[in-house]
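Source file input_20.txt; content: compact mmCIF, C-alpha atoms.
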# COMPACT_ATOMS: atom_id res chain seq x y z
CA MET T 1 93.80 114.25 56.99
CA LEU T 2 97.56 114.12 57.54
CA THR T 3 97.52 117.40 59.43
CA CYS T 4 95.12 115.87 61.97
CA ALA T 5 97.21 112.73 62.41
CA ALA T 6 100.41 114.54 63.37
CA PRO T 7 99.00 116.45 66.37
CA LEU T 8 97.20 113.34 67.62
CA HIS T 9 100.42 111.32 67.44
CA ALA T 10 102.33 114.09 69.21
CA GLN T 11 99.83 114.10 72.06
CA GLN T 12 100.13 110.34 72.51
CA THR T 13 103.91 110.31 72.74
CA ASN T 14 104.06 113.24 75.16
CA THR T 15 101.59 112.02 77.78
CA ASP T 16 104.23 112.36 80.51
CA PRO T 17 107.12 114.43 79.17
CA VAL T 18 108.93 114.51 82.53
CA ALA T 19 109.02 110.70 82.79
CA ALA T 20 109.93 110.35 79.13
CA THR T 21 112.81 112.80 79.56
CA ALA T 22 114.01 111.11 82.75
CA GLU T 23 113.91 107.69 81.12
CA ALA T 24 115.76 108.94 78.05
CA ARG T 25 118.61 110.26 80.23
CA VAL T 26 119.40 106.85 81.70
CA SER T 27 121.66 104.62 79.63
CA SER T 28 120.78 100.97 79.10
CA GLY T 29 123.91 100.06 81.06
CA ASP T 30 122.78 102.13 84.04
CA ARG T 31 119.29 100.60 83.84
CA GLU T 32 120.86 97.15 84.03
CA LEU T 33 123.06 98.16 86.98
CA ILE T 34 120.04 99.56 88.83
CA ARG T 35 118.05 96.38 88.27
CA ASP T 36 121.00 94.19 89.30
CA ILE T 37 121.48 96.20 92.50
CA ALA T 38 117.76 95.85 93.22
CA GLN T 39 118.02 92.07 92.80
CA ALA T 40 121.00 91.95 95.17
CA ASN T 41 119.01 93.85 97.81
CA LEU T 42 115.90 91.71 97.31
CA GLY T 43 118.00 88.55 97.62
CA GLU T 44 119.58 89.71 100.89
CA ILE T 45 116.19 90.60 102.37
CA ASP T 46 114.63 87.31 101.29
CA SER T 47 117.49 85.13 102.52
CA GLY T 48 117.68 87.13 105.76
CA MET T 49 114.04 86.30 106.46
CA LEU T 50 114.81 82.64 105.80
CA ALA T 51 117.72 82.77 108.26
CA LEU T 52 115.47 84.29 110.93
CA GLU T 53 113.09 81.37 110.46
CA LYS T 54 115.69 78.59 110.34
CA SER T 55 118.68 79.55 112.47
CA GLU T 56 118.92 79.07 116.21
CA ASP T 57 122.36 80.70 116.40
CA GLU T 58 121.98 84.19 117.85
CA ARG T 59 124.93 85.52 115.79
CA ILE T 60 123.28 84.35 112.56
CA ARG T 61 119.92 85.76 113.61
CA LYS T 62 121.46 89.17 114.42
CA PHE T 63 123.29 89.16 111.10
CA ALA T 64 120.09 88.20 109.26
CA GLN T 65 118.18 91.04 110.92
CA LEU T 66 120.96 93.46 109.98
CA MET T 67 120.66 92.24 106.36
CA ILE T 68 116.90 92.79 106.36
CA ASP T 69 117.17 96.26 107.90
CA ASP T 70 120.09 97.58 105.85
CA HIS T 71 119.05 96.09 102.52
CA THR T 72 115.44 97.25 102.96
CA LYS T 73 116.75 100.78 103.51
CA ALA T 74 119.07 100.47 100.49
CA LEU T 75 116.24 99.12 98.34
CA GLU T 76 113.90 101.96 99.35
CA GLU T 77 116.61 104.48 98.48
CA LEU T 78 117.22 102.75 95.14
CA ARG T 79 113.49 102.60 94.41
CA ALA T 80 113.19 106.38 94.88
CA LEU T 81 116.20 106.92 92.62
CA ALA T 82 114.82 104.57 89.97
CA GLU T 83 111.36 106.17 90.07
CA SER T 84 112.91 109.62 89.57
CA LYS T 85 114.46 108.21 86.40
CA GLY T 86 111.32 106.45 85.14
CA ILE T 87 112.64 102.95 85.92
CA THR T 88 110.46 100.29 87.50
CA LEU T 89 112.28 97.91 89.82
CA PRO T 90 111.42 94.23 90.24
CA GLU T 91 109.20 93.37 93.19
CA GLU T 92 110.56 89.87 93.79
CA THR T 93 113.84 88.03 93.53
CA ASP T 94 115.07 86.55 90.28
CA LEU T 95 115.48 82.84 89.55
CA GLN T 96 119.10 82.77 90.75
CA HIS T 97 118.16 84.10 94.19
CA LYS T 98 115.05 81.90 94.42
CA THR T 99 117.12 78.82 93.59
CA LEU T 100 119.69 79.67 96.25
CA LYS T 101 116.96 80.29 98.84
CA THR T 102 115.35 76.94 97.98
CA ALA T 103 118.68 75.14 98.37
CA LEU T 104 119.34 76.83 101.72
CA GLY T 105 115.80 76.08 102.84
CA LEU T 106 116.51 72.35 102.56
CA LEU T 107 119.30 72.65 105.15
CA SER T 108 119.02 72.88 108.92
CA GLY T 109 121.06 73.44 112.05
CA SER T 110 124.75 74.23 111.80
CA THR T 111 124.80 73.17 108.13
CA PHE T 112 122.26 75.87 107.33
CA ASP T 113 124.17 78.43 109.38
CA SER T 114 127.53 77.74 107.74
CA GLN T 115 126.05 77.72 104.23
CA TYR T 116 124.05 80.91 104.86
CA ILE T 117 127.19 82.72 106.00
CA ALA T 118 129.36 81.27 103.21
CA ARG T 119 126.91 81.76 100.34
CA ILE T 120 124.93 84.82 101.41
CA GLY T 121 127.04 86.59 104.02
CA ILE T 122 130.28 86.21 102.11
CA GLY T 123 129.52 85.08 98.55
CA ASP T 124 126.61 87.41 97.82
CA HIS T 125 128.31 90.35 99.52
CA GLU T 126 131.49 89.83 97.50
CA SER T 127 129.32 89.90 94.36
CA ALA T 128 127.45 92.98 95.60
CA GLU T 129 130.73 94.74 96.36
CA GLN T 130 131.93 94.02 92.80
CA LEU T 131 128.62 95.25 91.37
CA LEU T 132 128.73 98.50 93.33
CA ASP T 133 132.40 99.00 92.44
CA LYS T 134 131.52 98.48 88.77
CA THR T 135 128.69 101.00 89.14
CA ILE T 136 131.05 103.58 90.65
CA ARG T 137 133.55 103.07 87.83
CA GLU T 138 131.16 102.86 84.88
CA THR T 139 128.15 105.06 85.49
CA SER T 140 128.00 108.64 84.29
CA ASP T 141 124.88 109.23 86.41
CA GLN T 142 126.02 111.15 89.48
CA GLU T 143 123.02 110.14 91.63
CA LEU T 144 123.58 106.45 90.90
CA LYS T 145 127.30 106.85 91.56
CA ALA T 146 126.60 108.53 94.92
CA TYR T 147 124.17 105.72 95.83
CA ALA T 148 126.82 103.10 95.01
CA GLU T 149 129.52 104.97 96.96
CA ARG T 150 127.30 105.12 100.07
CA ASN T 151 126.15 101.54 99.86
CA ILE T 152 129.48 99.89 99.04
CA LYS T 153 130.58 100.86 102.56
CA VAL T 154 127.53 99.09 104.02
CA VAL T 155 128.22 95.99 101.93
CA GLN T 156 131.87 95.97 103.01
CA HIS T 157 130.76 96.18 106.64
CA HIS T 158 128.39 93.23 106.11
CA LEU T 159 131.21 91.28 104.51
CA GLY T 160 133.45 91.94 107.51
CA VAL T 161 130.75 90.83 109.95
CA ALA T 162 130.08 87.66 107.93
CA ARG T 163 133.79 86.81 107.79
CA ALA T 164 134.07 87.30 111.56
CA ILE T 165 131.13 84.93 112.12
CA ASP T 166 132.66 82.44 109.68
CA THR T 167 135.94 82.25 111.61
CA LYS T 168 134.32 81.60 115.02
Will you turn the file into structure tokens for me?
Amino acid sequence: MLTCAAPLHAQQTNTDPVAATAEARVSSGDRELIRDIAQANLGEIDSGMLALEKSEDERIRKFAQLMIDDHTKALEELRALAESKGITLPEETDLQHKTLKTALGLLSGSTFDSQYIARIGIGDHESAEQLLDKTIRETSDQELKAYAERNIKVVQHHLGVARAIDTK
């Protein structure tokens, strides 16, 4: 009876050996970085859509569209990377991003615009820059490192645009 149990167990654990191997190669720290980067992208997309709905300032609307476009592209790239490593990304923003969106949604006019730029354009991008910098420094996964190196430049550009809007 024991000889039958071992092969059955082996078949159950090896249903997808490629995915199991890919998942095993990714450290828990890298998994957390990937999920955090996904949340940052989701938050930028979500808040960008809110800004398109609420803002009447053309500069804010252009910035919001840039956020949606660039962070959607970055999220799609990250999703492909995560899938190749057997990691499932979140589909919606976390509580922190939902809370911020709700708070911004209560504002209107120039108050909304200034808070969107300060909290999303500058604040969230400073956090994203730190997260990507941490990823570059800490990951041993070369694909994740390359992703972070490409996307930190995009985030730095966004930060520069947001700061320019903030000073006008």
Between T:Asp113, T:Glu83, T:Glu126, T:Asp30, single out the one closest to T:Ser55, counting all atoms listed in the file.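 Among the listed residues, T:Asp113 lies closest to T:Ser55.
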Set the distance at 12 Å and use all atoms listed in the file: which residues neighbour T:Asp46 once local chain neighbours fewer than 6 positions away are removed? I'd like the list as a PyMOL selection string. chain T and resi 39-40+52-53+64-65+67-69+71-72+91-94+97-102+104-105+116+120
Counting only C-alpha atoms, which residues sit no farther than 12 Å from the position (126.2, 103.3, 102.0) in the file's frame? I'd like them as a PyMOL selection string. chain T and resi 70-71+73-75+77-78+129+132+144-158
Using C-alpha atoms, can you export the residues from the last selection as a PDB file, keeping the file's coordinate frame?
ATOM      1  CA  ASP T  70     120.090  97.580 105.850  1.00  0.00           C
ATOM      2  CA  HIS T  71     119.050  96.090 102.520  1.00  0.00           C
ATOM      3  CA  LYS T  73     116.750 100.780 103.510  1.00  0.00           C
ATOM      4  CA  ALA T  74     119.070 100.470 100.490  1.00  0.00           C
ATOM      5  CA  LEU T  75     116.240  99.120  98.340  1.00  0.00           C
ATOM      6  CA  GLU T  77     116.610 104.480  98.480  1.00  0.00           C
ATOM      7  CA  LEU T  78     117.220 102.750  95.140  1.00  0.00           C
ATOM      8  CA  GLU T 129     130.730  94.740  96.360  1.00  0.00           C
ATOM      9  CA  LEU T 132     128.730  98.500  93.330  1.00  0.00           C
ATOM     10  CA  LEU T 144     123.580 106.450  90.900  1.00  0.00           C
ATOM     11  CA  LYS T 145     127.300 106.850  91.560  1.00  0.00           C
ATOM     12  CA  ALA T 146     126.600 108.530  94.920  1.00  0.00           C
ATOM     13  CA  TYR T 147     124.170 105.720  95.830  1.00  0.00           C
ATOM     14  CA  ALA T 148     126.820 103.100  95.010  1.00  0.00           C
ATOM     15  CA  GLU T 149     129.520 104.970  96.960  1.00  0.00           C
ATOM     16  CA  ARG T 150     127.300 105.120 100.070  1.00  0.00           C
ATOM     17  CA  ASN T 151     126.150 101.540  99.860  1.00  0.00           C
ATOM     18  CA  ILE T 152     129.480  99.890  99.040  1.00  0.00           C
ATOM     19  CA  LYS T 153     130.580 100.860 102.560  1.00  0.00           C
ATOM     20  CA  VAL T 154     127.530  99.090 104.020  1.00  0.00           C
ATOM     21  CA  VAL T 155     128.220  95.990 101.930  1.00  0.00           C
ATOM     22  CA  GLN T 156     131.870  95.970 103.010  1.00  0.00           C
ATOM     23  CA  HIS T 157     130.760  96.180 106.640  1.00  0.00           C
ATOM     24  CA  HIS T 158     128.390  93.230 106.110  1.00  0.00           C
TER      25      HIS T 158
END
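Among the candidate residues T:Leu42, T:Ala118, T:Ile34, T:Met49, the one lying nearest to T:Thr139 is T:Ile34, with distances computed using all atoms listed in the file.
Near T:Leu159, within 7 Å and counting only C-alpha atoms, sit Gly121, Ile122, His125, Val155 and Arg163 of chain T, not including residues fewer than 4 positions from it in the same chain.
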Please provide as a list in words all residues within 10 Å of T:Ile87, with the sequence filter that same-chain residues fewer than 2 positions apart are discarded (counting all atoms listed in the file). Ala19, Ala22, Glu23, Val26, Arg31, Ile34, Arg35, Arg79, Ala80, Leu81, Ala82, Glu83, Ser84, Lys85, Leu89 and Pro90 of chain T
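Among the candidates T:Ala128, T:Ile37, T:Glu56, T:Glu44, the residue lying nearest to T:Ser110 is T:Glu56 (atoms considered: all atoms listed in the file).
Between atom CA of T:Ser140 and atom CA of T:Glu32 the separation is 13.5 Å.
Between atom CA of T:Ala164 and atom CA of T:Lys62 lies a distance of 13.1 Å.
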Please report the interatomic distance between atom CA of T:Ala162 and atom CA of T:Ile117 in Å with one decimal.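 Separation of atom CA of T:Ala162 and atom CA of T:Ile117: 6.0 Å.
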Of the residues T:Glu58, T:Asp36, T:Glu76, T:Asp166, which is the one nearest to T:Thr135, using all atoms listed in the file?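 Of the candidates, the smallest distance to T:Thr135 is held by T:Asp36.
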